[in-house]
Amino acid sequence: MAEQACEVQLSIGSQFENIELVQSVLEESLESLDFDDDSRYWIGIAVREAVANAIKHGNLEDPRVAVAVEVRIADGAFGGRALEIRVRDHGTGFDPGKVGDPRDPANLLKPAGRGIFYMKRFMDDIEYNFGPEGGTVVTLRKRLGTRG
Amino acid sequence: MKATIRERDGVSIIELKGKITIGVGDVAFRETVHKALETGAKKLVVNLGEVTTIDSSGIGELVAAFTTVSNRGGKLRLCKIPPKVDDILQITQLIQVFDIHDDEDEAIAAFTA
């Protein structure tokens, strides 16, 4: 399948129901890209987690505060091309290094703390950047051209 | 997301359909479990056969339901797990936590085994 240019920018209010809108736009963006059905599904889950974190922990579920989502193709990532999704919130940030492994026996029965783990598992790379004046940007990348 | 509860052979069957995701499905599931517990249910089976999507919040609610029921001296079993839900439970090693059965009959029979 030919890969076409894909660049989408979306801004949503911080309400969980808006995750469905992001999911819908993302699915449309992925249609022209060479991912198999499983990859599309798991990319969708990873993005849901990123947006949910931005709404809940970043913007504290304030519907007046926006979460920005950007979907693009990044040239040069992994020595080739990659799908790149950026999710930006207006929160105070956090230390990703302090997020525990949910598989640790001490964490196994905790009701929360699995979102970032799933993102890492379903994408090839995730990166956090924190703005000097606040705000967190999580960038999720998935290699293109690895189908099959 | 739709959560329904029914009784079969003294077991409360919670049937989930659609998305168990943050803000909607996870809350509906939690409320359904609490409703069952308020009636004194000690034997619960969660039928996930019609679940299309689950995220970390949905998984978190399954874990919370498991611990809540266990802490009250009850037992919660899962059945008819779709492949994608199975994958997500495997990845976080929760597959070893839950009692998982192919279908409702098997899950119900396990209470008397």
# chains A, B, ... in the order shown; residues from 1 in each chain; ligands from 1

$ interface_residues --of "chain A" --to "chain B" --cutoff "8 Å" --atoms "only C-alpha atoms" --output "MDAnalysis selection string"
chainID A and resid 16:17 45 48:49 52 102:103 108:115 118

$ write_last_selection --atoms "N, CA and C atoms" --output "PDB file, in the first residue's frame"
ATOM      1  N   PHE A  16     -13.102  13.085  29.004  1.00  0.00           N
ATOM      2  CA  PHE A  16     -12.760  11.750  28.524  1.00  0.00           C
ATOM      3  C   PHE A  16     -13.516  11.353  27.253  1.00  0.00           C
ATOM      4  N   GLU A  17     -14.747  11.844  27.099  1.00  0.00           N
ATOM      5  CA  GLU A  17     -15.503  11.441  25.904  1.00  0.00           C
ATOM      6  C   GLU A  17     -14.823  11.929  24.621  1.00  0.00           C
ATOM      7  N   ILE A  45      -4.714   2.107  21.090  1.00  0.00           N
ATOM      8  CA  ILE A  45      -4.729   1.978  22.560  1.00  0.00           C
ATOM      9  C   ILE A  45      -3.656   2.895  23.173  1.00  0.00           C
ATOM     10  N   ARG A  48      -4.842   6.417  23.077  1.00  0.00           N
ATOM     11  CA  ARG A  48      -5.892   6.596  24.094  1.00  0.00           C
ATOM     12  C   ARG A  48      -5.260   6.838  25.464  1.00  0.00           C
ATOM     13  N   GLU A  49      -4.229   6.037  25.780  1.00  0.00           N
ATOM     14  CA  GLU A  49      -3.569   6.166  27.091  1.00  0.00           C
ATOM     15  C   GLU A  49      -2.898   7.539  27.231  1.00  0.00           C
ATOM     16  N   ALA A  52      -5.614  10.175  27.614  1.00  0.00           N
ATOM     17  CA  ALA A  52      -6.248  10.026  28.938  1.00  0.00           C
ATOM     18  C   ALA A  52      -5.347  10.607  30.031  1.00  0.00           C
ATOM     19  N   PRO A 102       4.487  -2.006  36.427  1.00  0.00           N
ATOM     20  CA  PRO A 102       3.245  -2.604  36.943  1.00  0.00           C
ATOM     21  C   PRO A 102       3.324  -4.117  37.136  1.00  0.00           C
ATOM     22  N   ARG A 103       4.385  -4.740  36.572  1.00  0.00           N
ATOM     23  CA  ARG A 103       4.539  -6.193  36.740  1.00  0.00           C
ATOM     24  C   ARG A 103       5.238  -6.553  38.039  1.00  0.00           C
ATOM     25  N   LEU A 108       1.399  -5.214  41.245  1.00  0.00           N
ATOM     26  CA  LEU A 108       0.535  -6.056  40.410  1.00  0.00           C
ATOM     27  C   LEU A 108      -0.952  -5.839  40.670  1.00  0.00           C
ATOM     28  N   LEU A 109      -1.326  -5.635  41.921  1.00  0.00           N
ATOM     29  CA  LEU A 109      -2.745  -5.483  42.249  1.00  0.00           C
ATOM     30  C   LEU A 109      -3.166  -4.031  42.449  1.00  0.00           C
ATOM     31  N   LYS A 110      -2.315  -3.114  42.013  1.00  0.00           N
ATOM     32  CA  LYS A 110      -2.716  -1.705  42.091  1.00  0.00           C
ATOM     33  C   LYS A 110      -3.700  -1.408  40.958  1.00  0.00           C
ATOM     34  N   PRO A 111      -4.725  -0.607  41.246  1.00  0.00           N
ATOM     35  CA  PRO A 111      -5.721  -0.342  40.198  1.00  0.00           C
ATOM     36  C   PRO A 111      -5.246   0.639  39.127  1.00  0.00           C
ATOM     37  N   ALA A 112      -4.116   1.301  39.342  1.00  0.00           N
ATOM     38  CA  ALA A 112      -3.637   2.280  38.349  1.00  0.00           C
ATOM     39  C   ALA A 112      -2.141   2.066  38.106  1.00  0.00           C
ATOM     40  N   GLY A 113      -1.616   2.793  37.110  1.00  0.00           N
ATOM     41  CA  GLY A 113      -0.170   2.767  36.865  1.00  0.00           C
ATOM     42  C   GLY A 113       0.270   1.895  35.709  1.00  0.00           C
ATOM     43  N   ARG A 114      -0.649   1.573  34.789  1.00  0.00           N
ATOM     44  CA  ARG A 114      -0.275   0.711  33.660  1.00  0.00           C
ATOM     45  C   ARG A 114      -0.228   1.456  32.321  1.00  0.00           C
ATOM     46  N   GLY A 115      -0.743   2.673  32.291  1.00  0.00           N
ATOM     47  CA  GLY A 115      -0.880   3.380  31.014  1.00  0.00           C
ATOM     48  C   GLY A 115       0.434   3.590  30.281  1.00  0.00           C
ATOM     49  N   TYR A 118       1.836   0.357  28.885  1.00  0.00           N
ATOM     50  CA  TYR A 118       1.187  -0.076  27.639  1.00  0.00           C
ATOM     51  C   TYR A 118       1.674   0.769  26.457  1.00  0.00           C
TER      52      TYR A 118
END

$ residues_around --residues "B:Asp103" --least-positions-apart "5" --cutoff "10 Å" --atoms "only C-alpha atoms" --output "PyMOL selection string"
chain B and resi 45+47-49+78-81+108

$ atom_distance --atom1 "atom CA of B:Arg6" --atom2 "atom CA of B:Asp87"
27.4 Å

$ residues_around --residues "B:Ile13" --least-positions-apart "5" --cutoff "12 Å" --atoms "only C-alpha atoms" --output "list in words"
Ala3, Thr4, Ile5, Arg6, Glu7, Arg8, Thr32, Val33, Lys35, Ala36, Leu37, Ala41, Lys42, Lys43, Leu44, Val45, Val46, Asn47, Leu48, Leu76, Arg77, Leu78, Cys79, Asp103, Glu104, Asp105, Ala107 and Ile108 of chain B

$ write_last_selection --atoms "C-alpha atoms" --output "compact mmCIF listing (two decimals), in the first residue's frame"
# COMPACT_ATOMS: atom_id res chain seq x y z
CA ALA B 3 -23.00 -3.75 31.83
CA THR B 4 -25.74 -6.13 32.87
CA ILE B 5 -26.05 -8.39 35.88
CA ARG B 6 -28.01 -11.62 36.21
CA GLU B 7 -28.10 -14.65 38.47
CA ARG B 8 -27.37 -18.21 37.43
CA THR B 32 -22.25 -2.89 38.56
CA VAL B 33 -19.77 -4.77 40.76
CA LYS B 35 -24.45 -3.30 43.03
CA ALA B 36 -23.81 -7.05 43.04
CA LEU B 37 -21.86 -6.85 46.30
CA ALA B 41 -23.10 -11.68 46.19
CA LYS B 42 -19.96 -13.69 46.97
CA LYS B 43 -19.61 -15.60 43.71
CA LEU B 44 -19.12 -13.43 40.66
CA VAL B 45 -18.29 -14.17 37.04
CA VAL B 46 -17.41 -11.39 34.64
CA ASN B 47 -18.21 -12.33 31.06
CA LEU B 48 -15.97 -10.28 28.75
CA LEU B 76 -14.43 -13.28 41.11
CA ARG B 77 -13.76 -15.25 37.94
CA LEU B 78 -13.43 -14.08 34.33
CA CYS B 79 -14.71 -15.87 31.24
CA ASP B 103 -17.21 -19.85 29.17
CA GLU B 104 -19.85 -19.22 31.84
CA ASP B 105 -20.60 -22.92 32.36
CA ALA B 107 -16.68 -20.60 35.45
CA ILE B 108 -19.85 -21.49 37.38

$ select_by_dssp --residues "stretch 33-95 of chain B" --states "strand (DSSP E)" --output "count of residues only"
17

$ residues_around --residues "stretch 23-39 of chain A" --least-positions-apart "4" --cutoff "12 Å" --atoms "only C-alpha atoms" --output "MDAnalysis selection string"
(chainID A and resid 1:12 16:19 43:52 69:73 81:86 121:124 142:148) or (chainID B and resid 53 83:84 87)

$ write_last_selection --atoms "C-alpha atoms" --output "PDB file, in the first residue's frame"
ATOM      1  CA  MET A   1       0.000   0.000   0.000  1.00  0.00           C
ATOM      2  CA  ALA A   2       1.318   3.444  -0.888  1.00  0.00           C
ATOM      3  CA  GLU A   3       2.032   5.623   2.114  1.00  0.00           C
ATOM      4  CA  GLN A   4       0.669   9.097   1.753  1.00  0.00           C
ATOM      5  CA  ALA A   5       1.546  12.250   3.599  1.00  0.00           C
ATOM      6  CA  CYS A   6      -0.386  12.419   6.824  1.00  0.00           C
ATOM      7  CA  GLU A   7      -0.505  15.461   9.030  1.00  0.00           C
ATOM      8  CA  VAL A   8      -3.332  16.109  11.412  1.00  0.00           C
ATOM      9  CA  GLN A   9      -3.642  18.575  14.260  1.00  0.00           C
ATOM     10  CA  LEU A  10      -6.453  18.393  16.738  1.00  0.00           C
ATOM     11  CA  SER A  11      -7.332  20.223  19.923  1.00  0.00           C
ATOM     12  CA  ILE A  12      -9.857  18.857  22.395  1.00  0.00           C
ATOM     13  CA  PHE A  16     -12.760  11.750  28.524  1.00  0.00           C
ATOM     14  CA  GLU A  17     -15.503  11.441  25.904  1.00  0.00           C
ATOM     15  CA  ASN A  18     -13.280  13.457  23.544  1.00  0.00           C
ATOM     16  CA  ILE A  19     -10.876  10.521  23.420  1.00  0.00           C
ATOM     17  CA  ILE A  43      -1.401   2.263  18.251  1.00  0.00           C
ATOM     18  CA  GLY A  44      -4.989   3.302  19.002  1.00  0.00           C
ATOM     19  CA  ILE A  45      -4.729   1.978  22.560  1.00  0.00           C
ATOM     20  CA  ALA A  46      -1.377   3.737  23.108  1.00  0.00           C
ATOM     21  CA  VAL A  47      -2.805   7.055  21.919  1.00  0.00           C
ATOM     22  CA  ARG A  48      -5.892   6.596  24.094  1.00  0.00           C
ATOM     23  CA  GLU A  49      -3.569   6.166  27.091  1.00  0.00           C
ATOM     24  CA  ALA A  50      -1.536   9.258  26.205  1.00  0.00           C
ATOM     25  CA  VAL A  51      -4.628  11.434  25.781  1.00  0.00           C
ATOM     26  CA  ALA A  52      -6.248  10.026  28.938  1.00  0.00           C
ATOM     27  CA  VAL A  69      -2.797  16.079  19.391  1.00  0.00           C
ATOM     28  CA  GLU A  70      -0.593  16.054  16.321  1.00  0.00           C
ATOM     29  CA  VAL A  71      -0.192  13.122  13.944  1.00  0.00           C
ATOM     30  CA  ARG A  72       2.591  13.237  11.359  1.00  0.00           C
ATOM     31  CA  ILE A  73       5.163  11.204   9.501  1.00  0.00           C
ATOM     32  CA  ARG A  81      10.211   6.888   8.494  1.00  0.00           C
ATOM     33  CA  ALA A  82       7.922   6.663  11.449  1.00  0.00           C
ATOM     34  CA  LEU A  83       4.438   7.555  12.482  1.00  0.00           C
ATOM     35  CA  GLU A  84       4.778  10.220  15.145  1.00  0.00           C
ATOM     36  CA  ILE A  85       2.004  11.282  17.485  1.00  0.00           C
ATOM     37  CA  ARG A  86       2.464  14.160  19.920  1.00  0.00           C
ATOM     38  CA  ARG A 121       4.871  -1.775  24.812  1.00  0.00           C
ATOM     39  CA  PHE A 122       2.694  -0.874  21.838  1.00  0.00           C
ATOM     40  CA  MET A 123       4.920   1.804  20.300  1.00  0.00           C
ATOM     41  CA  ASP A 124       8.580   1.625  19.259  1.00  0.00           C
ATOM     42  CA  LYS A 142       6.050   3.640  15.453  1.00  0.00           C
ATOM     43  CA  ARG A 143       8.294   2.546  12.608  1.00  0.00           C
ATOM     44  CA  LEU A 144       6.754   2.499   9.164  1.00  0.00           C
ATOM     45  CA  GLY A 145       7.400  -0.221   6.654  1.00  0.00           C
ATOM     46  CA  THR A 146       7.683  -3.088   9.123  1.00  0.00           C
ATOM     47  CA  ARG A 147       4.456  -4.785   8.170  1.00  0.00           C
ATOM     48  CA  GLY A 148       4.460  -8.527   8.105  1.00  0.00           C
TER      49      GLY A 148
ATOM     50  CA  THR B  53     -11.682  -2.371  23.723  1.00  0.00           C
ATOM     51  CA  PRO B  83      -7.854 -12.225  22.266  1.00  0.00           C
ATOM     52  CA  LYS B  84      -7.008  -8.500  22.594  1.00  0.00           C
ATOM     53  CA  ASP B  87      -3.005  -9.928  25.219  1.00  0.00           C
TER      54      ASP B  87
END

$ select_by_dssp --residues "chain A" --states "helix (DSSP H, G or I)" --output "MDAnalysis selection string"
chainID A and resid 16:30 37:58 77:79 96:98 115:122

$ decode --residues "chain B" --atoms "C-alpha atoms" --output "compact mmCIF listing (two decimals), in the first residue's frame"
# COMPACT_ATOMS: atom_id res chain seq x y z
CA MET B 1 -20.51 0.21 26.97
CA LYS B 2 -23.23 -1.88 28.54
CA ALA B 3 -23.00 -3.75 31.83
CA THR B 4 -25.74 -6.13 32.87
CA ILE B 5 -26.05 -8.39 35.88
CA ARG B 6 -28.01 -11.62 36.21
CA GLU B 7 -28.10 -14.65 38.47
CA ARG B 8 -27.37 -18.21 37.43
CA ASP B 9 -27.06 -21.15 39.83
CA GLY B 10 -26.35 -18.81 42.74
CA VAL B 11 -23.63 -16.98 40.82
CA SER B 12 -23.83 -13.32 39.82
CA ILE B 13 -22.92 -12.99 36.16
CA ILE B 14 -21.76 -9.55 35.05
CA GLU B 15 -21.81 -9.25 31.29
CA LEU B 16 -19.84 -6.43 29.70
CA LYS B 17 -20.27 -5.23 26.12
CA GLY B 18 -18.35 -2.60 24.16
CA LYS B 19 -15.54 -0.42 25.47
CA ILE B 20 -14.29 -0.57 29.05
CA THR B 21 -12.33 2.63 28.92
CA ILE B 22 -11.63 5.66 31.05
CA GLY B 23 -14.51 7.85 32.09
CA VAL B 24 -17.39 5.76 30.84
CA GLY B 25 -17.07 2.00 30.73
CA ASP B 26 -14.80 1.75 33.75
CA VAL B 27 -17.30 3.62 35.95
CA ALA B 28 -20.26 1.55 34.72
CA PHE B 29 -18.37 -1.65 35.48
CA ARG B 30 -17.40 -0.46 38.98
CA GLU B 31 -20.99 0.48 39.77
CA THR B 32 -22.25 -2.89 38.56
CA VAL B 33 -19.77 -4.77 40.76
CA HIS B 34 -20.77 -2.68 43.79
CA LYS B 35 -24.45 -3.30 43.03
CA ALA B 36 -23.81 -7.05 43.04
CA LEU B 37 -21.86 -6.85 46.30
CA GLU B 38 -24.64 -4.81 47.95
CA THR B 39 -27.01 -7.72 47.35
CA GLY B 40 -24.58 -9.96 49.23
CA ALA B 41 -23.10 -11.68 46.19
CA LYS B 42 -19.96 -13.69 46.97
CA LYS B 43 -19.61 -15.60 43.71
CA LEU B 44 -19.12 -13.43 40.66
CA VAL B 45 -18.29 -14.17 37.04
CA VAL B 46 -17.41 -11.39 34.64
CA ASN B 47 -18.21 -12.33 31.06
CA LEU B 48 -15.97 -10.28 28.75
CA GLY B 49 -17.02 -11.97 25.51
CA GLU B 50 -18.46 -8.84 23.92
CA VAL B 51 -15.76 -6.40 25.04
CA THR B 52 -14.25 -4.63 22.03
CA THR B 53 -11.68 -2.37 23.72
CA ILE B 54 -10.13 -2.17 27.16
CA ASP B 55 -7.59 0.39 28.34
CA SER B 56 -5.48 0.68 31.49
CA SER B 57 -8.45 2.14 33.41
CA GLY B 58 -10.62 -0.80 32.43
CA ILE B 59 -7.86 -3.20 33.45
CA GLY B 60 -7.53 -1.25 36.70
CA GLU B 61 -11.24 -1.73 37.36
CA LEU B 62 -10.94 -5.48 36.79
CA VAL B 63 -8.09 -5.57 39.33
CA ALA B 64 -10.05 -3.40 41.79
CA ALA B 65 -13.10 -5.66 41.42
CA PHE B 66 -10.95 -8.72 42.04
CA THR B 67 -9.45 -7.30 45.25
CA THR B 68 -12.75 -5.84 46.50
CA VAL B 69 -14.56 -9.16 46.07
CA SER B 70 -11.65 -11.11 47.61
CA ASN B 71 -11.47 -8.74 50.59
CA ARG B 72 -15.14 -9.43 51.27
CA GLY B 73 -14.54 -13.16 51.29
CA GLY B 74 -15.91 -13.69 47.81
CA LYS B 75 -14.46 -14.92 44.54
CA LEU B 76 -14.43 -13.28 41.11
CA ARG B 77 -13.76 -15.25 37.94
CA LEU B 78 -13.43 -14.08 34.33
CA CYS B 79 -14.71 -15.87 31.24
CA LYS B 80 -14.83 -15.56 27.45
CA ILE B 81 -11.83 -13.27 27.24
CA PRO B 82 -11.38 -11.84 23.73
CA PRO B 83 -7.85 -12.22 22.27
CA LYS B 84 -7.01 -8.50 22.59
CA VAL B 85 -8.05 -8.45 26.26
CA ASP B 86 -6.04 -11.62 26.81
CA ASP B 87 -3.00 -9.93 25.22
CA ILE B 88 -3.29 -6.91 27.47
CA LEU B 89 -3.65 -9.09 30.59
CA GLN B 90 -0.62 -11.15 29.51
CA ILE B 91 1.55 -8.10 28.95
CA THR B 92 1.10 -6.88 32.52
CA GLN B 93 1.24 -10.43 33.94
CA LEU B 94 -2.29 -10.16 35.28
CA ILE B 95 -3.20 -13.40 33.59
CA GLN B 96 -1.71 -15.15 36.63
CA VAL B 97 -3.87 -13.14 39.03
CA PHE B 98 -7.31 -13.95 37.65
CA ASP B 99 -9.17 -17.24 37.44
CA ILE B 100 -9.95 -17.41 33.76
CA HIS B 101 -12.44 -19.75 32.09
CA ASP B 102 -13.52 -20.46 28.53
CA ASP B 103 -17.21 -19.85 29.17
CA GLU B 104 -19.85 -19.22 31.84
CA ASP B 105 -20.60 -22.92 32.36
CA GLU B 106 -16.98 -23.66 33.20
CA ALA B 107 -16.68 -20.60 35.45
CA ILE B 108 -19.85 -21.49 37.38
CA ALA B 109 -18.80 -25.15 37.72
CA ALA B 110 -15.49 -24.02 39.20
CA PHE B 111 -17.33 -22.65 42.25
CA THR B 112 -18.45 -26.13 43.18
CA ALA B 113 -15.28 -27.95 42.18
